[in-house]
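S.K.: Structure supplied as structure-v2.txt; contents: compact mmCIF, C-alpha atoms.
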# COMPACT_ATOMS: atom_id res chain seq x y z
CA MET A 241 30.23 12.68 21.93
CA ALA A 242 31.60 15.60 23.88
CA PRO A 243 35.03 15.30 25.52
CA ARG A 244 34.88 13.80 28.99
CA SER A 245 36.09 15.52 32.12
CA ARG A 246 38.13 13.66 34.70
CA HIS A 247 34.87 12.97 36.55
CA ASP A 248 33.17 11.21 33.67
CA GLY A 249 34.68 7.73 34.00
CA PRO A 250 37.20 5.95 31.79
CA SER A 251 38.57 7.76 28.80
CA GLU A 252 37.91 6.62 25.26
CA VAL A 253 40.27 3.94 23.97
CA ALA A 254 40.46 1.90 20.80
CA ARG A 255 37.65 -0.67 20.68
CA PRO A 256 36.04 -3.03 18.19
CA LYS A 257 33.66 -1.46 15.71
CA LYS A 258 30.86 -3.71 16.96
CA PHE A 259 30.18 -1.33 19.84
CA ALA A 260 30.29 2.41 20.04
CA THR A 261 29.83 3.91 23.48
CA GLY A 262 31.58 4.43 26.76
CA PHE A 263 32.61 1.04 28.16
CA ARG A 264 36.37 0.67 28.35
CA CYS A 265 36.40 -2.88 26.94
CA TYR A 266 34.19 -5.36 25.15
CA PRO A 267 32.70 -7.88 27.61
CA THR A 268 34.61 -11.13 27.95
CA ASN A 269 32.37 -14.16 27.25
CA ARG A 270 29.66 -11.99 25.67
CA ASP A 271 29.73 -13.85 22.37
CA GLU A 272 30.13 -17.37 23.80
CA ARG A 273 28.00 -19.95 22.04
CA GLU A 274 26.44 -21.10 25.31
CA LYS A 275 25.66 -18.05 27.43
CA SER A 276 24.83 -18.17 31.11
CA ALA A 277 24.74 -15.99 34.19
CA VAL A 278 27.76 -17.88 35.53
CA LYS A 279 29.82 -17.15 32.41
CA TRP A 280 28.68 -13.52 32.38
CA MET A 281 29.99 -13.09 35.91
CA GLU A 282 33.22 -14.90 35.07
CA GLY A 283 33.73 -12.50 32.17
CA LYS A 284 33.04 -9.48 34.37
CA ARG A 285 35.68 -10.66 36.84
CA ILE A 286 38.21 -10.74 34.02
CA ASP A 287 37.22 -7.30 32.74
CA ASP A 288 37.07 -5.59 36.15
CA ASP A 289 40.39 -7.15 37.22
CA VAL A 290 40.22 -6.50 40.98
CA GLY A 291 41.57 -9.85 42.17
CA PRO A 292 39.60 -11.60 44.94
CA TYR A 293 38.20 -8.30 46.22
CA TRP A 294 35.34 -5.88 45.52
CA ARG A 295 35.55 -2.47 43.87
CA VAL A 296 33.30 0.51 44.63
CA HIS A 297 34.10 3.64 42.62
CA ASP A 298 37.89 3.97 42.68
CA LYS A 299 38.60 2.00 45.84
CA ILE A 300 39.19 -1.70 46.48
CA TYR A 301 37.63 -3.39 49.51
CA ASN A 302 38.10 -6.76 51.19
CA LEU A 303 34.64 -7.92 52.27
CA ASP A 304 35.61 -11.45 53.33
CA THR A 305 34.77 -10.83 56.98
CA PHE A 306 31.53 -9.06 56.02
CA ILE A 307 30.04 -11.85 53.88
CA ASN A 308 27.99 -13.45 56.66
CA LYS A 309 27.05 -10.05 58.13
CA HIS A 310 25.52 -8.61 54.97
CA PRO A 311 21.88 -7.71 55.76
CA GLY A 312 20.79 -8.63 52.24
CA GLY A 313 22.23 -12.14 52.45
CA LYS A 314 25.64 -13.56 51.73
CA ASP A 315 24.86 -14.64 48.14
CA TRP A 316 24.98 -11.03 46.92
CA ILE A 317 28.53 -10.64 48.26
CA LEU A 318 29.78 -14.08 47.23
CA ALA A 319 28.41 -13.79 43.69
CA THR A 320 30.12 -10.44 43.09
CA ARG A 321 33.56 -11.30 44.46
CA GLY A 322 36.24 -10.04 42.09
CA THR A 323 34.08 -7.41 40.38
CA ASP A 324 33.29 -3.71 40.34
CA ILE A 325 30.03 -3.42 42.30
CA THR A 326 29.68 0.37 42.10
CA GLU A 327 26.31 0.39 40.32
CA ALA A 328 24.91 -2.35 42.56
CA PHE A 329 26.13 -0.60 45.71
CA GLU A 330 24.72 2.78 44.70
CA SER A 331 21.30 1.53 43.59
CA SER A 332 20.81 -0.90 46.48
CA HIS A 333 21.74 1.39 49.39
CA ILE A 334 19.72 4.55 49.84
CA SER A 335 20.92 5.74 53.24
CA THR A 336 24.50 6.81 53.95
CA LEU A 337 25.04 4.07 56.54
CA ALA A 338 26.31 1.51 54.01
CA GLU A 339 28.96 3.91 52.71
CA LYS A 340 30.18 4.58 56.26
CA LEU A 341 30.31 0.86 57.00
CA LEU A 342 32.12 0.14 53.74
CA SER A 343 35.05 2.33 54.77
CA LYS A 344 35.98 -0.21 57.46
CA TYR A 345 36.88 -2.70 54.73
CA TYR A 346 39.04 -0.38 52.61
CA LEU A 347 42.12 -2.09 51.18
CA ARG A 348 43.67 0.26 48.62
CA ASP A 349 42.90 2.64 45.76
CA ALA A 350 42.18 1.09 42.37
CA ALA A 351 45.03 1.20 39.88
CA LYS A 352 42.88 1.35 36.74
CA PRO A 353 39.85 3.35 35.63
CA ARG A 354 36.47 1.65 35.82
CA VAL A 355 35.20 -0.29 32.81
CA SER A 356 31.79 1.30 33.21
CA PRO A 357 31.27 4.90 32.01
CA TYR A 358 28.55 5.74 34.53
CA THR A 359 28.97 8.50 37.10
CA PHE A 360 27.46 9.10 40.55
CA HIS A 361 28.29 12.71 41.38
CA ASP A 362 26.76 14.19 44.53
CA ASP A 363 25.15 16.96 42.49
CA GLY A 364 24.02 14.58 39.73
CA PHE A 365 20.52 13.31 39.02
CA PHE A 366 20.73 9.95 40.76
CA ARG A 367 22.26 10.99 44.07
CA THR A 368 19.99 14.03 44.19
CA PHE A 369 17.00 11.72 43.76
CA LYS A 370 18.27 9.39 46.51
CA ARG A 371 18.56 12.31 48.93
CA LYS A 372 14.98 13.33 48.18
CA VAL A 373 13.51 9.85 48.75
CA ARG A 374 15.33 9.13 52.04
CA PRO A 375 12.82 10.93 54.29
CA VAL A 376 9.94 9.40 52.36
CA LEU A 377 11.23 5.86 52.83
CA GLN A 378 12.05 6.53 56.47
CA LYS A 379 8.35 7.27 56.91
CA VAL A 380 6.73 4.52 54.78
CA GLY A 381 9.51 1.91 54.85
CA ARG A 382 10.98 0.11 51.87
CA GLY A 383 9.67 -3.41 52.50
CA SER A 384 6.49 -5.20 51.45
CA ASP A 385 3.05 -4.12 52.59
CA TRP A 386 0.03 -6.39 53.05
CA LYS A 387 -1.34 -5.67 49.59
CA ILE A 388 1.61 -7.07 47.66
CA ILE A 389 1.88 -9.99 50.07
CA LEU A 390 -1.78 -10.72 49.35
CA ILE A 391 -1.13 -10.50 45.60
CA GLN A 392 1.94 -12.75 45.71
CA ASP A 393 0.45 -15.39 48.00
CA GLY A 394 -2.92 -15.24 46.26
CA LEU A 395 -1.30 -15.89 42.90
CA ALA A 396 0.70 -18.79 44.36
CA LEU A 397 -2.47 -20.36 45.78
CA THR A 398 -4.28 -19.82 42.47
CA PHE A 399 -1.43 -21.57 40.68
CA ALA A 400 -1.68 -24.52 43.06
CA ALA A 401 -5.48 -24.69 42.68
CA LEU A 402 -5.29 -24.65 38.88
CA ALA A 403 -2.63 -27.37 38.97
CA VAL A 404 -5.02 -29.53 41.01
CA VAL A 405 -7.81 -28.85 38.52
CA ALA A 406 -5.52 -29.72 35.60
CA ILE A 407 -4.58 -33.01 37.29
CA LEU A 408 -8.07 -34.05 38.38
CA ALA A 409 -9.73 -33.08 35.10
CA GLN A 410 -6.70 -34.02 32.97
CA SER A 411 -7.36 -30.66 31.31
CA PHE A 412 -4.75 -29.13 29.04
CA PHE A 413 -6.67 -25.85 29.09
CA ALA A 414 -6.42 -25.73 32.88
CA ALA A 415 -2.72 -26.58 32.62
CA ALA A 416 -2.16 -23.71 30.16
CA LEU A 417 -4.07 -21.29 32.40
CA CYS A 418 -2.00 -22.58 35.31
CA GLY A 419 1.13 -21.72 33.33
CA VAL A 420 -0.03 -18.15 32.71
CA VAL A 421 -0.68 -17.71 36.43
CA LEU A 422 2.74 -19.24 37.17
CA ALA A 423 4.32 -16.59 34.95
CA MET A 424 2.49 -13.94 36.98
CA VAL A 425 3.72 -15.60 40.19
CA SER A 426 7.30 -15.39 38.92
CA MET A 427 7.00 -11.77 37.80
CA CYS A 428 5.69 -10.81 41.21
CA ALA A 429 8.41 -12.93 42.89
CA HIS A 430 10.98 -10.97 40.89
CA ASN A 431 10.16 -8.09 43.24
CA PHE A 432 11.28 -10.27 46.15
CA PHE A 433 14.55 -11.62 44.73
CA HIS A 434 15.78 -8.04 44.37
CA GLN A 435 15.53 -7.71 48.14
CA LYS A 436 17.26 -9.39 51.07
CA ASP A 437 16.91 -13.17 51.21
CA ASN A 438 13.31 -14.23 51.80
CA TRP A 439 11.23 -17.32 51.07
CA ARG A 440 8.93 -15.65 48.55
CA MET A 441 11.80 -15.13 46.11
CA TYR A 442 11.89 -18.91 45.67
CA LEU A 443 8.41 -18.83 44.12
CA PHE A 444 10.33 -17.71 41.04
CA ASP A 445 11.95 -21.17 41.00
CA LEU A 446 8.57 -22.85 40.44
CA THR A 447 9.23 -21.93 36.81
CA LEU A 448 12.09 -23.54 34.89
CA LEU A 449 14.24 -20.50 35.67
CA SER A 450 16.53 -19.92 38.66
CA SER A 451 16.16 -17.04 41.11
CA TYR A 452 19.87 -17.28 41.89
CA ASP A 453 20.82 -16.99 38.22
CA TRP A 454 18.37 -14.16 37.73
CA ARG A 455 19.89 -12.23 40.60
CA ILE A 456 22.97 -12.17 38.36
CA SER A 457 21.56 -11.94 34.85
CA HIS A 458 18.72 -9.58 35.77
CA ALA A 459 19.58 -7.70 38.97
CA LEU A 460 23.35 -7.41 38.49
CA SER A 461 23.49 -7.25 34.69
CA HIS A 462 20.29 -6.00 33.09
CA HIS A 463 19.33 -3.60 35.87
CA LEU A 464 22.74 -2.00 36.13
CA PHE A 465 23.74 -1.86 32.45
CA THR A 466 20.38 -1.64 30.73
CA ASN A 467 20.33 -2.12 26.94
CA THR A 468 24.14 -2.03 26.73
CA ILE A 469 26.73 -4.60 25.73
CA TYR A 470 26.96 -5.59 29.41
CA ASP A 471 23.22 -6.34 29.60
CA PHE A 472 22.94 -10.13 29.68
CA GLU A 473 19.26 -9.97 28.74
CA ILE A 474 20.32 -8.40 25.44
CA SER A 475 23.20 -10.76 24.65
CA ALA A 476 21.45 -13.94 25.84
CA LEU A 477 18.81 -13.62 23.12
CA GLU A 478 21.32 -13.07 20.32
CA PRO A 479 21.48 -14.01 17.48
CA ILE A 480 17.78 -15.02 17.54
CA PHE A 481 16.63 -11.61 18.72
CA GLU A 482 19.01 -8.78 17.80
CA PHE A 483 17.80 -5.71 19.67
CA LEU A 484 20.91 -3.60 19.18
CA PRO A 485 20.83 -1.39 16.04
CA LYS A 486 23.51 -3.31 14.13
CA ALA A 487 24.01 -2.57 10.44
CA ASN A 488 24.81 -6.22 9.68
CA LYS A 489 21.52 -7.72 10.81
CA THR A 490 20.14 -10.26 8.37
CA TRP A 491 16.67 -9.96 6.88
CA LEU A 492 15.63 -12.92 9.04
CA GLN A 493 16.90 -11.28 12.22
CA ARG A 494 15.06 -8.08 11.38
CA TYR A 495 11.70 -9.52 10.40
CA GLY A 496 11.70 -13.25 11.12
CA SER A 497 10.62 -12.95 14.76
CA TYR A 498 7.03 -12.45 13.60
CA VAL A 499 7.14 -16.15 12.72
CA TYR A 500 9.85 -17.88 14.74
CA SER A 501 8.69 -16.33 18.02
CA LEU A 502 5.80 -18.76 17.77
CA ALA A 503 8.27 -21.64 18.16
CA PHE A 504 10.87 -19.97 20.37
CA PHE A 505 8.59 -18.58 23.09
CA PRO A 506 7.11 -21.95 24.17
CA LEU A 507 10.57 -23.58 24.15
CA PHE A 508 12.64 -20.88 25.86
CA PHE A 509 12.22 -22.06 29.46
CA PHE A 510 13.02 -25.64 28.47
CA LEU A 511 16.20 -24.51 26.72
CA GLU A 512 17.20 -22.63 29.86
CA VAL A 513 16.62 -25.53 32.24
CA PHE A 514 18.46 -27.91 29.89
CA LYS A 515 21.43 -25.54 29.79
CA ASN A 516 21.47 -25.13 33.56
CA TRP A 517 21.33 -28.86 34.27
CA LYS A 518 23.99 -29.50 31.66
CA MET A 519 26.27 -27.09 33.51
CA ILE A 520 25.45 -28.78 36.82
CA THR A 521 26.22 -32.20 35.34
CA LEU A 522 29.54 -30.99 33.94
CA GLY A 523 30.48 -29.43 37.26
CA GLN A 524 30.44 -25.89 35.87
CA ARG A 525 28.01 -24.73 38.54
CA LYS A 526 26.60 -26.06 41.80
CA MET A 527 23.11 -27.43 42.14
CA ARG A 528 20.94 -25.49 44.55
CA PRO A 529 18.00 -27.03 46.44
CA GLU A 530 15.46 -24.79 44.70
CA ASN A 531 16.55 -26.14 41.30
CA VAL A 532 14.51 -29.30 41.90
CA LEU A 533 11.16 -27.53 42.45
CA PRO A 534 9.94 -27.81 38.81
CA PHE A 535 10.70 -31.52 38.83
CA LEU A 536 8.73 -32.01 42.04
CA GLU A 537 5.83 -30.49 40.10
CA LEU A 538 6.36 -33.12 37.41
CA VAL A 539 6.33 -35.88 40.02
CA LEU A 540 3.03 -34.60 41.42
CA TYR A 541 1.49 -34.34 37.95
CA CYS A 542 2.49 -37.90 37.11
CA ALA A 543 1.54 -39.37 40.49
CA PHE A 544 -2.13 -38.44 40.28
CA VAL A 545 -3.03 -39.14 36.66
CA PRO A 546 -3.53 -42.54 34.97
CA SER A 547 -0.21 -42.52 33.12
CA PHE A 548 3.19 -40.90 33.15
CA TRP A 549 2.69 -39.55 29.62
CA ILE A 550 -0.49 -37.67 30.51
CA GLY A 551 1.24 -36.12 33.51
CA LEU A 552 4.26 -35.21 31.43
CA LYS A 553 2.14 -33.58 28.74
CA LEU A 554 0.20 -31.55 31.32
CA TRP A 555 3.49 -30.38 32.87
CA LEU A 556 4.92 -29.49 29.46
CA VAL A 557 1.82 -27.50 28.53
CA MET A 558 1.95 -25.62 31.84
CA HIS A 559 5.58 -24.57 31.45
CA SER A 560 5.19 -23.79 27.74
CA ALA A 561 2.33 -21.40 28.53
CA CYS A 562 4.40 -19.91 31.35
CA SER A 563 7.32 -19.36 28.98
CA VAL A 564 5.13 -17.70 26.34
CA TRP A 565 3.46 -15.29 28.75
CA PHE A 566 6.69 -14.43 30.58
CA LEU A 567 8.55 -13.61 27.36
CA PHE A 568 5.65 -11.70 25.81
CA ILE A 569 5.33 -9.44 28.85
CA GLY A 570 9.07 -9.21 29.48
CA LEU A 571 9.97 -8.12 25.96
CA THR A 572 7.21 -5.52 25.67
CA ALA A 573 7.19 -4.07 29.19
CA ALA A 574 9.68 -1.22 29.10
CA HIS A 575 12.86 -1.42 27.06
CA HIS A 576 12.48 -1.85 23.31
CA HIS A 577 11.59 0.83 20.80
CA PRO A 578 13.78 2.83 18.37
CA ASP A 579 13.30 5.91 20.58
CA ILE A 580 14.69 4.07 23.62
CA TYR A 581 18.44 3.97 24.12
CA HIS A 582 20.25 0.81 22.95
CA GLU A 583 24.00 0.21 22.71
CA GLY A 584 25.17 1.74 19.43
CA ASP A 585 23.02 4.84 19.85
CA ALA A 586 24.82 8.02 20.85
CA MET A 587 25.26 8.12 24.61
CA ARG A 588 24.38 11.24 26.55
CA ASP A 589 27.27 13.62 27.29
CA ASN A 590 26.50 13.44 31.01
CA PRO A 591 26.58 9.70 31.80
CA ASP A 592 24.89 9.99 35.19
CA TRP A 593 23.73 6.46 35.93
CA GLY A 594 20.19 7.52 36.82
CA LEU A 595 19.76 9.55 33.64
CA CYS A 596 21.11 6.68 31.54
CA GLN A 597 18.59 4.37 33.18
CA LEU A 598 15.75 6.68 32.20
CA ASP A 599 17.07 6.75 28.63
CA ALA A 600 16.61 2.95 28.46
CA VAL A 601 13.24 2.60 30.25
CA ARG A 602 9.60 3.60 29.67
CA ASP A 603 6.45 3.27 31.78
CA ARG A 604 2.95 2.41 30.57
CA VAL A 605 -0.30 4.32 30.99
CA GLU A 606 -2.32 1.14 31.50
CA VAL A 607 -0.14 -0.22 34.30
CA THR A 608 0.98 2.71 36.45
CA GLY A 609 -1.16 3.14 39.56
CA ASN A 610 -2.45 -0.45 39.66
CA LEU A 611 -0.38 -2.54 42.11
CA PHE A 612 -1.62 -5.84 40.71
CA LEU A 613 -0.50 -4.89 37.19
CA VAL A 614 2.68 -3.27 38.48
CA SER A 615 3.69 -6.48 40.28
CA THR A 616 2.68 -8.89 37.50
CA THR A 617 3.79 -7.00 34.38
CA PHE A 618 7.01 -5.25 35.49
CA GLY A 619 5.34 -1.91 36.16
CA ASP A 620 6.65 1.34 37.71
CA HIS A 621 9.74 0.39 35.77
CA SER A 622 11.62 3.66 35.88
CA LEU A 623 11.50 3.82 39.67
CA HIS A 624 12.18 0.11 39.94
CA HIS A 625 15.33 0.47 37.87
CA LEU A 626 16.53 3.44 39.90
CA LEU A 627 15.84 1.77 43.27
CA PRO A 628 15.48 -1.97 42.65
CA THR A 629 15.58 -3.04 46.30
CA VAL A 630 12.56 -0.90 47.25
CA ASP A 631 9.44 -3.04 47.26
CA HIS A 632 6.96 -2.43 44.43
CA SER A 633 4.28 -1.54 46.98
CA LYS A 634 6.32 1.48 48.12
CA LEU A 635 7.29 2.91 44.73
CA LYS A 636 4.08 4.93 44.45
CA TYR A 637 5.22 7.09 47.36
CA LEU A 638 8.37 8.08 45.50
CA TYR A 639 6.73 9.73 42.49
CA PRO A 640 6.58 13.27 43.99
CA ALA A 641 10.33 13.18 44.71
CA PHE A 642 10.95 11.67 41.29
CA PHE A 643 8.95 14.35 39.46
CA GLU A 644 10.65 17.06 41.51
CA THR A 645 14.09 15.69 40.57
CA CYS A 646 13.10 15.39 36.91
CA LYS A 647 11.96 19.02 36.91
CA GLU A 648 15.18 20.14 38.60
CA PHE A 649 17.28 18.42 35.93
CA ASP A 650 14.95 19.33 33.05
CA VAL A 651 14.06 15.69 32.38
CA PRO A 652 10.60 15.22 30.82
CA PHE A 653 8.62 12.21 31.97
CA GLN A 654 5.59 10.96 30.09
CA LEU A 655 3.85 7.60 30.10
CA VAL A 656 3.44 5.64 26.88
CA ARG A 657 0.84 3.14 25.69
CA GLN A 658 1.38 -0.59 25.95
CA TRP A 659 0.65 -0.93 22.24
CA GLU A 660 3.55 1.41 21.44
CA LEU A 661 5.92 -0.94 23.25
CA VAL A 662 4.44 -4.03 21.58
CA CYS A 663 5.03 -2.43 18.19
CA GLY A 664 8.32 -1.00 19.40
CA LYS A 665 9.76 -4.46 19.98
CA TYR A 666 9.40 -5.32 16.31
CA LEU A 667 10.51 -1.86 15.18
CA GLN A 668 13.67 -2.19 17.28
CA LEU A 669 14.41 -5.68 15.96
CA ALA A 670 14.17 -4.26 12.43
CA ASN A 671 16.23 -1.19 13.31
CA ILE A 672 19.74 -1.01 11.80
CA THR A 673 20.26 2.74 12.17
CA PRO A 674 21.63 3.95 15.53
CA ASN A 675 20.39 7.25 16.90
CA THR A 676 23.18 9.76 16.35
CA SER A 677 21.91 12.41 18.77
CA PRO A 678 22.38 11.92 22.52
CA PRO A 679 19.06 10.78 23.98
CA GLY A 680 18.34 13.53 26.50
CA TYR A 681 15.50 11.18 27.55
CA LYS A 682 13.00 11.19 24.70
CA ALA A 683 9.82 10.78 26.66
CA LYS A 684 7.32 10.77 23.81
CA MET A 685 7.39 8.06 21.17
CA GLU A 686 6.13 9.39 17.91
Re-express the file's structure as structure tokens.
M.R.:
Amino acid sequence: MAPRSRHDGPSEVARPKKFATGFRCYPTNRDEREKSAVKWMEGKRIDDDVGPYWRVHDKIYNLDTFINKHPGGKDWILATRGTDITEAFESSHISTLAEKLLSKYYLRDAAKPRVSPYTFHDDGFFRTFKRKVRPVLQKVGRGSDWKIILIQDGLALTFAALAVVAILAQSFFAAALCGVVLAMVSMCAHNFFHQKDNWRMYLFDLTLLSSYDWRISHALSHHLFTNTIYDFEISALEPIFEFLPKANKTWLQRYGSYVYSLAFFPLFFFLEVFKNWKMITLGQRKMRPENVLPFLELVLYCAFVPSFWIGLKLWLVMHSACSVWFLFIGLTAAHHHPDIYHEGDAMRDNPDWGLCQLDAVRDRVEVTGNLFLVSTTFGDHSLHHLLPTVDHSKLKYLYPAFFETCKEFDVPFQLVRQWELVCGKYLQLANITPNTSPPGYKAKME
């Protein structure tokens, strides 16, 4: 890696051999036996070390009096208290108004360099792209249009209708199909929990997952630190799925997923809800009203069938199918292939956050341009990672500015096939050899 300038983030310091790139420290709580969004955030507070305040770039802010004024909802501010929110602030706010408002809450300059290596220079890729999309979004808006509302609400109604069919017919096939549709409901609802508080984001909670937790583990971890040691969606699956190119992977970790995925995928959601309710019971986290939604489903299943056991089995089948479909799509949508950046690979010399996002993301030929597939299979993923709070229905308008920025910075962009990413997941799990050349955004997978 080339020497860093004073603009390129924290300088290199001694670090464990188990990670290789630019973060200033190894994440606290990363290797805990029981991993959760709550513990990830607790660890980040320790690592960022900003007290009860918020850090953006090299300044500390006191946002206490802004919590209830935040247009996106107070949970975003409360959840990130005591952390460096630079990446979240930059990717969530496209206009310059937020930066001007932030200055009112300035407290002091930060005493330490940031843990994160990412940069946001005015003449860099990401900020250049943001300037180009501002007039576009001023014209078309950044919120939902009627098409994605129709998709989201239509899927939710289809889920409800299939649940009624499963109950009345006592059909396990209908329950499984209902679960697949529920997974699609949740993937579409993921678009809404990235945005300001709204009721449609709670459709995600009809699964056994939590939209609040996923705002942390997905929006604040995975989206901002994709495929790195700070990506919770990487660490949460370890040691069952080892996506980082570690030399000490066992044979089972490299090749066993062909077999044990068959058992793990149907059980994953149940393991997550058990872990969450265990933490609630032990007082390690607060229960939220939306956490009870899956159990209301169970009550309805059991209330309208001849026995509790039939209702329970229908409910279990539904959520097992949901878990399988969600994981299958989620793990093959955009991020895993030996040609895609993972922690341990050489990091690019210019760690512009936007460029590093593109190094860790790919988009699919079969999905791009189809809003239904985009919203139900994590499509338009490059643009979604760059600007996660822009509604999926508006991302299509940003492609001209995106291509123009890519051309300006000599960044090739080329779609890949879904099958390449399906195969890539297994190739990456088997991979024990980090890429030694900086990525430079390898667009074509050979």
S.K.: Any idea what's packed within 10 Å of region 486-491 of chain A, counting all atoms listed in the file, ignoring anything in its chain fewer than 4 positions away? Could you give it as an MDAnalysis selection string?
M.R.: chainID A and resid 258:259 479 482 495:496 583:585 669:674
S.K.: Store the residues picked out above in a file with C-alpha atoms, as a short mmCIF file (atom, residue, chain, number, x, y, z; two decimals), keeping the file's coordinate frame.
M.R.:
data_model
loop_
_atom_site.label_atom_id
_atom_site.label_comp_id
_atom_site.auth_asym_id
_atom_site.auth_seq_id
_atom_site.Cartn_x
_atom_site.Cartn_y
_atom_site.Cartn_z
CA LYS A 258 30.86 -3.71 16.96
CA PHE A 259 30.18 -1.33 19.84
CA PRO A 479 21.48 -14.01 17.48
CA GLU A 482 19.01 -8.78 17.80
CA TYR A 495 11.70 -9.52 10.40
CA GLY A 496 11.70 -13.25 11.12
CA GLU A 583 24.00 0.21 22.71
CA GLY A 584 25.17 1.74 19.43
CA ASP A 585 23.02 4.84 19.85
CA LEU A 669 14.41 -5.68 15.96
CA ALA A 670 14.17 -4.26 12.43
CA ASN A 671 16.23 -1.19 13.31
CA ILE A 672 19.74 -1.01 11.80
CA THR A 673 20.26 2.74 12.17
CA PRO A 674 21.63 3.95 15.53
#
S.K.: To one decimal in Å, tell me the separation between CA of Asn531 (chain A) and CA of Arg455 (chain A).
M.R.: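 Spanning CA of Asn531 (chain A) to CA of Arg455 (chain A) is a straight-line distance of 14.3 Å.
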S.K.: From the set A:Pro546, A:Thr447, A:Lys275, A:Arg264, which residue has the shortest atom-to-atom contact distance to Glu478 (chain A), counting all atoms listed in the file?
M.R.: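 Among the listed residues, the smallest separation from Glu478 (chain A) belongs to A:Lys275.
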S.K.: Could you list, as a list of chain:residue names, every residue within 10 Å of Lys314 (chain A), counting only C-alpha atoms and ignoring same-chain residues fewer than 6 positions away?
M.R.: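 Surrounding residues, per the criterion: A:Phe306, A:Ile307, A:Asn308, A:Lys436, A:Asp437.
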S.K.: Would you please work out which residue, of A:Met441, A:Ala573, A:Leu303, A:Leu556, is nearest to Tyr346 (chain A) when using all atoms listed in the file?
M.R.: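 Once distances to Tyr346 (chain A) are computed over all atoms listed in the file, the minimum belongs to A:Leu303.
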S.K.: Which residues of region 343-400 of chain A come within 12 Å of region 329-337 of chain A, and for each one, what is the closest pair of atoms and their distance in Å to one decimal, counting all atoms listed in the file, sorted by chain and residue number, as CSV?
M.R.:
residue,atom,partner,partner_atom,distance
A:Ser343,CA,A:Leu337,CA,10.3
A:Lys344,CA,A:Leu337,CA,11.8
A:Tyr358,CA,A:Glu330,CA,11.3
A:Thr359,CA,A:Glu330,CA,10.4
A:Phe360,CA,A:Glu330,CA,8.0
A:His361,CA,A:Glu330,CA,11.1
A:Asp362,CA,A:Glu330,CA,11.6
A:Phe366,CA,A:Ser331,CA,8.9
A:Arg367,CA,A:Glu330,CA,8.6
A:Thr368,CA,A:Ile334,CA,11.0
A:Phe369,CA,A:Ile334,CA,9.8
A:Lys370,CA,A:Ile334,CA,6.1
A:Arg371,CA,A:Ile334,CA,7.9
A:Lys372,CA,A:Ile334,CA,10.1
A:Val373,CA,A:Ile334,CA,8.2
A:Arg374,CA,A:Ser335,CA,6.6
A:Pro375,CA,A:Ser335,CA,9.7
A:Val376,CA,A:Ile334,CA,11.2
A:Leu377,CA,A:Ile334,CA,9.1
A:Gln378,CA,A:Ser335,CA,9.5
A:Gly381,CA,A:Ile334,CA,11.7
A:Arg382,CA,A:Ile334,CA,10.0
S.K.: From the set A:Cys428, A:Leu341, A:Ile391, A:Leu446, which residue has the shortest atom-to-atom contact distance to Leu533 (chain A), counting only C-alpha atoms?
M.R.: A:Leu446
S.K.: Could you check how far CA of Cys265 (chain A) sits from CA of Asp289 (chain A), in Å to one decimal?
M.R.: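 Calculated distance between CA of Cys265 (chain A) and CA of Asp289 (chain A) is 11.8 Å.
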S.K.: Counting only C-alpha atoms, which of A:Arg295, A:His582, A:Cys663, A:Leu402 gets nearest to Ile474 (chain A)?
M.R.: A:His582
S.K.: Mind pulling up the distance from CA of His559 (chain A) to CA of Ser426 (chain A)?
M.R.: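 So the two atoms, CA of Ser426 (chain A) and CA of His559 (chain A), lie 12.0 Å apart.
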S.K.: Might you pull out every residue within 10 Å of region 403-409 of chain A, with only C-alpha atoms counted and same-chain residues fewer than 5 positions away left off, and present them as a PyMOL selection string?
M.R.: chain A and resi 397-398+414-419+422+537+540-546+550-551+554-555+558
S.K.: Between A:Asn431, A:Ser560, A:Asn675, A:Gln493, which one has atoms that come closest to Gly619 (chain A), using all atoms listed in the file?
M.R.: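 Closest to Gly619 (chain A) of all the choices is A:Asn431.
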S.K.: With distances taken over all atoms listed in the file, which of A:Asp620, A:Glu272, A:Asp631, A:Asp603 is nearest to Leu661 (chain A)?
M.R.: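 Among the listed residues, the smallest separation from Leu661 (chain A) belongs to A:Asp603.
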